[in-house]
Amino acid sequence: MSRSIDLLKHRYLKNIKENPELFVGIELEYPVVNLEGNTADVEVIKELFRYLVSALDFDVEKVDDFGNPIQLVDPISQDAILFEVSYTTIEFAFGKVKEIQEVENRFNNYMNVIQRKLSESNHAIVGCGIHPNWDKNENCPVAYPRYRMLMDYLNLSRNVTKSELHHFPEYGAFICGSQVQLDVSKSNYLRVINAFTQIEGPKAYLFANSEFSGEDWDTKIARDIFWEESMHGIYPENVGVNSRLFKDEDDFFDYLDHSAIFTAERDGQTYYFYPIQASKYLTTPEIQAYALNGDVILIYPQEKDFETHRSYQYQDLTTRGTVEFRSVCTQPLERTFASAAFHLGLLVNLDKLVAYLETAPFFKKFGCDYKFLRRQFSKKKLTDQEETAIIEFSKDLLLLAEEGLVMRNKQEMIYLEPLKKELSL
């Protein structure tokens, strides 16, 4: 086995348990908008964070280069409220819970305080997958090394000639997603990844919420294009829907070995560079790297650089023994927890989900190119045949998810109601 695969296996398998208890981890990102339609006032949002420290009794976990709080944490629940890449995006990263209601109660509490405070300056959090005023905001990164590095790295796309990359490298400052992490075991994590890869078509249909006004793209999920046609997508294995189902663990890690490394730390400094596939990283003699101040230096690959490896697949095996589902746009506020409930119910009902997918009529009609299906079924207008088929598929999945939630017996079925209503179930 290659050394790179060794290092990836160590990083991603070391915290997976044999029989984990099932916890739910939810992360929600939201744009903060100026309700008059103007540029969001960054000073208003920074002031909000200072206010939340006392209003919610949170600790300051991180500050930016100017001493402004940018990440707050509740010492009891471990919930964090933070800026995600830019000062106009707020993320709620909830501590792990046993049931969705716990998160909902705390989220409502935080939102009441936040929306009241923001309303004093005519600002508000809105449930959109792209900041409605993306074209007016500054779209600058939070003054913090990791975010500045990410934005500088994405900016490298301006120097990639003859490429298919889009012209919005600042997209990280204005796209918003809704992620859920669920515990998986050594014996089921690949089945989970494979099963959920197959349902990216219906998920695109159910959860699309990021149409983009800046380009004439025929999709309701511009987030996909932003990710896949940016520096993150130079190697297709690094981002988006997996291009194949995995036969076994070795097959999965071979795929991960094709994902990218693009950043390293040396002497406390963060550097970034053109992406190098994990498989080729350690045999690269030297790397021309960029410092945040623009300096160019040569660095030499080290095994410890794998400790910050991060890929962006939509079914992402994390270092915490969870799979993170990353493909859902931020949802309208009235259906905030529909996505978490959908994933949770299907995971609990995994055996039935896998059995259903083996014979699902949808794939006989439209094939099994899962990347293509996601792009196809996020189009703004579907044919009648497509619409009928995707609704049937989505209904079947919703019923399986509901069955899984019923098995849990925690009254979480309520969160699927908006989706059921949409599909007239």
# chains A, B, ... in the order shown; residues from 1 in each chain; ligands from 1
$ closest_atom_pairs --of "segment 186-267 of chain A" --to "segment 331-342 of chain A" --cutoff "9 Å" --atoms "only C-alpha atoms" --output "tab-separated table"
residue	atom	partner	partner_atom	distance
A:Lys203	CA	A:Ser339	CA	8.9
A:Phe207	CA	A:Gln331	CA	7.1
A:Ala208	CA	A:Gln331	CA	8.3
A:Asn209	CA	A:Gln331	CA	6.6
$ write_last_selection --atoms "N, CA and C atoms" --output "mmCIF file, in the first residue's frame"
data_model
loop_
_atom_site.group_PDB
_atom_site.id
_atom_site.type_symbol
_atom_site.label_atom_id
_atom_site.label_comp_id
_atom_site.auth_asym_id
_atom_site.auth_seq_id
_atom_site.Cartn_x
_atom_site.Cartn_y
_atom_site.Cartn_z
ATOM 1 N N LYS A 203 -32.192 14.610 -4.253
ATOM 2 C CA LYS A 203 -31.811 15.668 -3.312
ATOM 3 C C LYS A 203 -31.695 17.014 -4.029
ATOM 4 N N PHE A 207 -34.058 19.983 -2.610
ATOM 5 C CA PHE A 207 -33.413 20.990 -1.756
ATOM 6 C C PHE A 207 -32.745 22.135 -2.517
ATOM 7 N N ALA A 208 -32.953 22.228 -3.827
ATOM 8 C CA ALA A 208 -32.311 23.309 -4.597
ATOM 9 C C ALA A 208 -32.744 24.670 -4.053
ATOM 10 N N ASN A 209 -31.768 25.544 -3.784
ATOM 11 C CA ASN A 209 -32.117 26.882 -3.285
ATOM 12 C C ASN A 209 -30.951 27.851 -3.493
#
$ select_by_dssp --residues "segment 72-104 of chain A" --states "strand (DSSP E or B)" --output "PyMOL selection string"
chain A and resi 72-73+80-83+86+89-93+97
$ write_last_selection --atoms "N, CA and C atoms" --output "JSON list (two decimals), in the first residue's frame"
[["chain", "number", "residue", "atom", "x", "y", "z"],
["A", 72, "LEU", "N", -17.78, 32.08, 18.52],
["A", 72, "LEU", "CA", -18.27, 32.05, 19.90],
["A", 72, "LEU", "C", -18.70, 30.62, 20.21],
["A", 73, "VAL", "N", -18.52, 30.22, 21.45],
["A", 73, "VAL", "CA", -18.92, 28.85, 21.79],
["A", 73, "VAL", "C", -19.65, 28.82, 23.13],
["A", 80, "ALA", "N", -21.45, 26.38, 18.47],
["A", 80, "ALA", "CA", -20.61, 27.51, 18.07],
["A", 80, "ALA", "C", -21.38, 28.39, 17.09],
["A", 81, "ILE", "N", -21.19, 29.69, 17.23],
["A", 81, "ILE", "CA", -21.70, 30.66, 16.25],
["A", 81, "ILE", "C", -20.47, 31.37, 15.70],
["A", 82, "LEU", "N", -20.33, 31.33, 14.38],
["A", 82, "LEU", "CA", -19.08, 31.83, 13.80],
["A", 82, "LEU", "C", -19.32, 32.47, 12.45],
["A", 83, "PHE", "N", -18.33, 33.21, 11.99],
["A", 83, "PHE", "CA", -18.36, 33.67, 10.59],
["A", 83, "PHE", "C", -17.83, 32.55, 9.71],
["A", 86, "SER", "N", -16.71, 34.80, 5.20],
["A", 86, "SER", "CA", -16.84, 36.26, 5.15],
["A", 86, "SER", "C", -17.65, 36.76, 6.34],
["A", 89, "THR", "N", -21.65, 36.09, 6.31],
["A", 89, "THR", "CA", -22.21, 34.74, 6.46],
["A", 89, "THR", "C", -22.02, 34.27, 7.90],
["A", 90, "ILE", "N", -23.11, 33.90, 8.54],
["A", 90, "ILE", "CA", -23.04, 33.38, 9.91],
["A", 90, "ILE", "C", -23.33, 31.88, 9.87],
["A", 91, "GLU", "N", -22.50, 31.13, 10.57],
["A", 91, "GLU", "CA", -22.71, 29.68, 10.67],
["A", 91, "GLU", "C", -23.06, 29.32, 12.11],
["A", 92, "PHE", "N", -24.03, 28.42, 12.23],
["A", 92, "PHE", "CA", -24.34, 27.79, 13.52],
["A", 92, "PHE", "C", -23.84, 26.35, 13.43],
["A", 93, "ALA", "N", -22.87, 26.00, 14.26],
["A", 93, "ALA", "CA", -22.36, 24.63, 14.29],
["A", 93, "ALA", "C", -22.74, 24.05, 15.64],
["A", 97, "VAL", "N", -26.07, 15.96, 19.15],
["A", 97, "VAL", "CA", -27.30, 15.74, 19.94],
["A", 97, "VAL", "C", -27.87, 14.37, 19.63]]
$ closest_atom_pairs --of "segment 139-204 of chain A" --to "segment 297-321 of chain A" --cutoff "9 Å" --atoms "only C-alpha atoms" --output "Markdown table"
| residue | atom | partner | partner_atom | distance |
| --- | --- | --- | --- | --- |
| A:Gln181 | CA | A:Thr318 | CA | 8.7 |
| A:Leu182 | CA | A:Gly321 | CA | 8.5 |
| A:Asp183 | CA | A:Gly321 | CA | 6.1 |
| A:Val184 | CA | A:Gly321 | CA | 6.3 |
| A:Ser185 | CA | A:Gly321 | CA | 7.4 |
| A:Lys186 | CA | A:Gly321 | CA | 8.8 |
| A:Tyr189 | CA | A:Leu317 | CA | 8.0 |
| A:Val192 | CA | A:Gln315 | CA | 8.5 |
| A:Ile193 | CA | A:Gln315 | CA | 5.6 |
| A:Asn194 | CA | A:Gln315 | CA | 8.5 |
| A:Phe196 | CA | A:Gln315 | CA | 7.0 |
| A:Thr197 | CA | A:Gln315 | CA | 6.8 |
| A:Glu200 | CA | A:Tyr314 | CA | 8.8 |
$ write_last_selection --atoms "N, CA and C atoms" --output "CSV table (one decimal), in the first residue's frame"
chain,number,residue,atom,x,y,z
A,181,GLN,N,-24.1,15.8,10.0
A,181,GLN,CA,-23.1,14.7,10.2
A,181,GLN,C,-23.8,13.6,11.0
A,182,LEU,N,-23.6,12.4,10.6
A,182,LEU,CA,-24.2,11.3,11.3
A,182,LEU,C,-23.1,10.2,11.6
A,183,ASP,N,-23.2,9.6,12.8
A,183,ASP,CA,-22.2,8.6,13.1
A,183,ASP,C,-22.3,7.4,12.2
A,184,VAL,N,-21.2,6.8,11.8
A,184,VAL,CA,-21.2,5.6,11.0
A,184,VAL,C,-20.2,4.6,11.6
A,185,SER,N,-20.3,3.4,11.2
A,185,SER,CA,-19.4,2.3,11.8
A,185,SER,C,-18.5,1.8,10.8
A,186,LYS,N,-17.5,1.1,11.2
A,186,LYS,CA,-16.5,0.5,10.3
A,186,LYS,C,-17.2,-0.4,9.2
A,189,TYR,N,-19.9,2.4,6.8
A,189,TYR,CA,-19.6,3.7,6.3
A,189,TYR,C,-19.6,3.7,4.8
A,192,VAL,N,-23.1,3.5,3.4
A,192,VAL,CA,-23.8,4.8,3.6
A,192,VAL,C,-23.4,5.8,2.5
A,193,ILE,N,-22.1,5.8,2.2
A,193,ILE,CA,-21.5,6.7,1.2
A,193,ILE,C,-22.1,6.3,-0.2
A,194,ASN,N,-22.1,5.0,-0.5
A,194,ASN,CA,-22.6,4.6,-1.8
A,194,ASN,C,-24.1,4.8,-1.9
A,196,PHE,N,-26.1,7.1,-0.4
A,196,PHE,CA,-26.4,8.5,-0.6
A,196,PHE,C,-25.9,9.1,-1.8
A,197,THR,N,-24.8,8.6,-2.4
A,197,THR,CA,-24.3,9.0,-3.7
A,197,THR,C,-25.4,8.8,-4.8
A,200,GLU,N,-28.4,11.7,-5.1
A,200,GLU,CA,-28.2,13.1,-5.3
A,200,GLU,C,-29.1,13.7,-6.3
$ atom_distance --atom1 "atom CA of Asp74 of chain A" --atom2 "atom CA of Glu412 of chain A"
24.6 Å
$ residues_around --residues "Gln71 of chain A" --least-positions-apart "5" --cutoff "12 Å" --atoms "only C-alpha atoms" --output "list in words"
Lys46, Leu48, Phe49, Arg50, Leu52, Val53, Phe58, Asp59, Val60, Glu61, Lys62, Val63, Asp64, Gln78, Asp79, Ala80, Ile81, Leu82, Phe83, Glu84, Val85, Tyr87, Ile90, Glu91, Phe92, Ala93, Val142 and Tyr144 of chain A
$ atom_distance --atom1 "atom CA of Ala360 of chain A" --atom2 "atom CA of Asp248 of chain A"
22.4 Å
$ residues_around --residues "Leu416 of chain A" --least-positions-apart "2" --cutoff "12 Å" --atoms "only C-alpha atoms" --output "NGL selection string"
:A and (100 or 206 or 334-346 or 395 or 397-406 or 411-414 or 418-423 or 425)
$ atom_distance --atom1 "atom CA of Phe366 of chain A" --atom2 "atom CA of Ile225 of chain A"
21.6 Å
$ residues_around --residues "segment 113-116 of chain A" --least-positions-apart "6" --cutoff "10 Å" --atoms "only C-alpha atoms" --output "JSON, numbers by chain"
{"A": [32, 45, 48, 49, 51, 52, 55, 56, 122, 123, 124, 125, 126]}
$ closest_residue --among "A:Glu286, A:Glu18, A:Glu138, A:Glu104" --to "Ala40 of chain A" --atoms "only C-alpha atoms"
A:Glu138
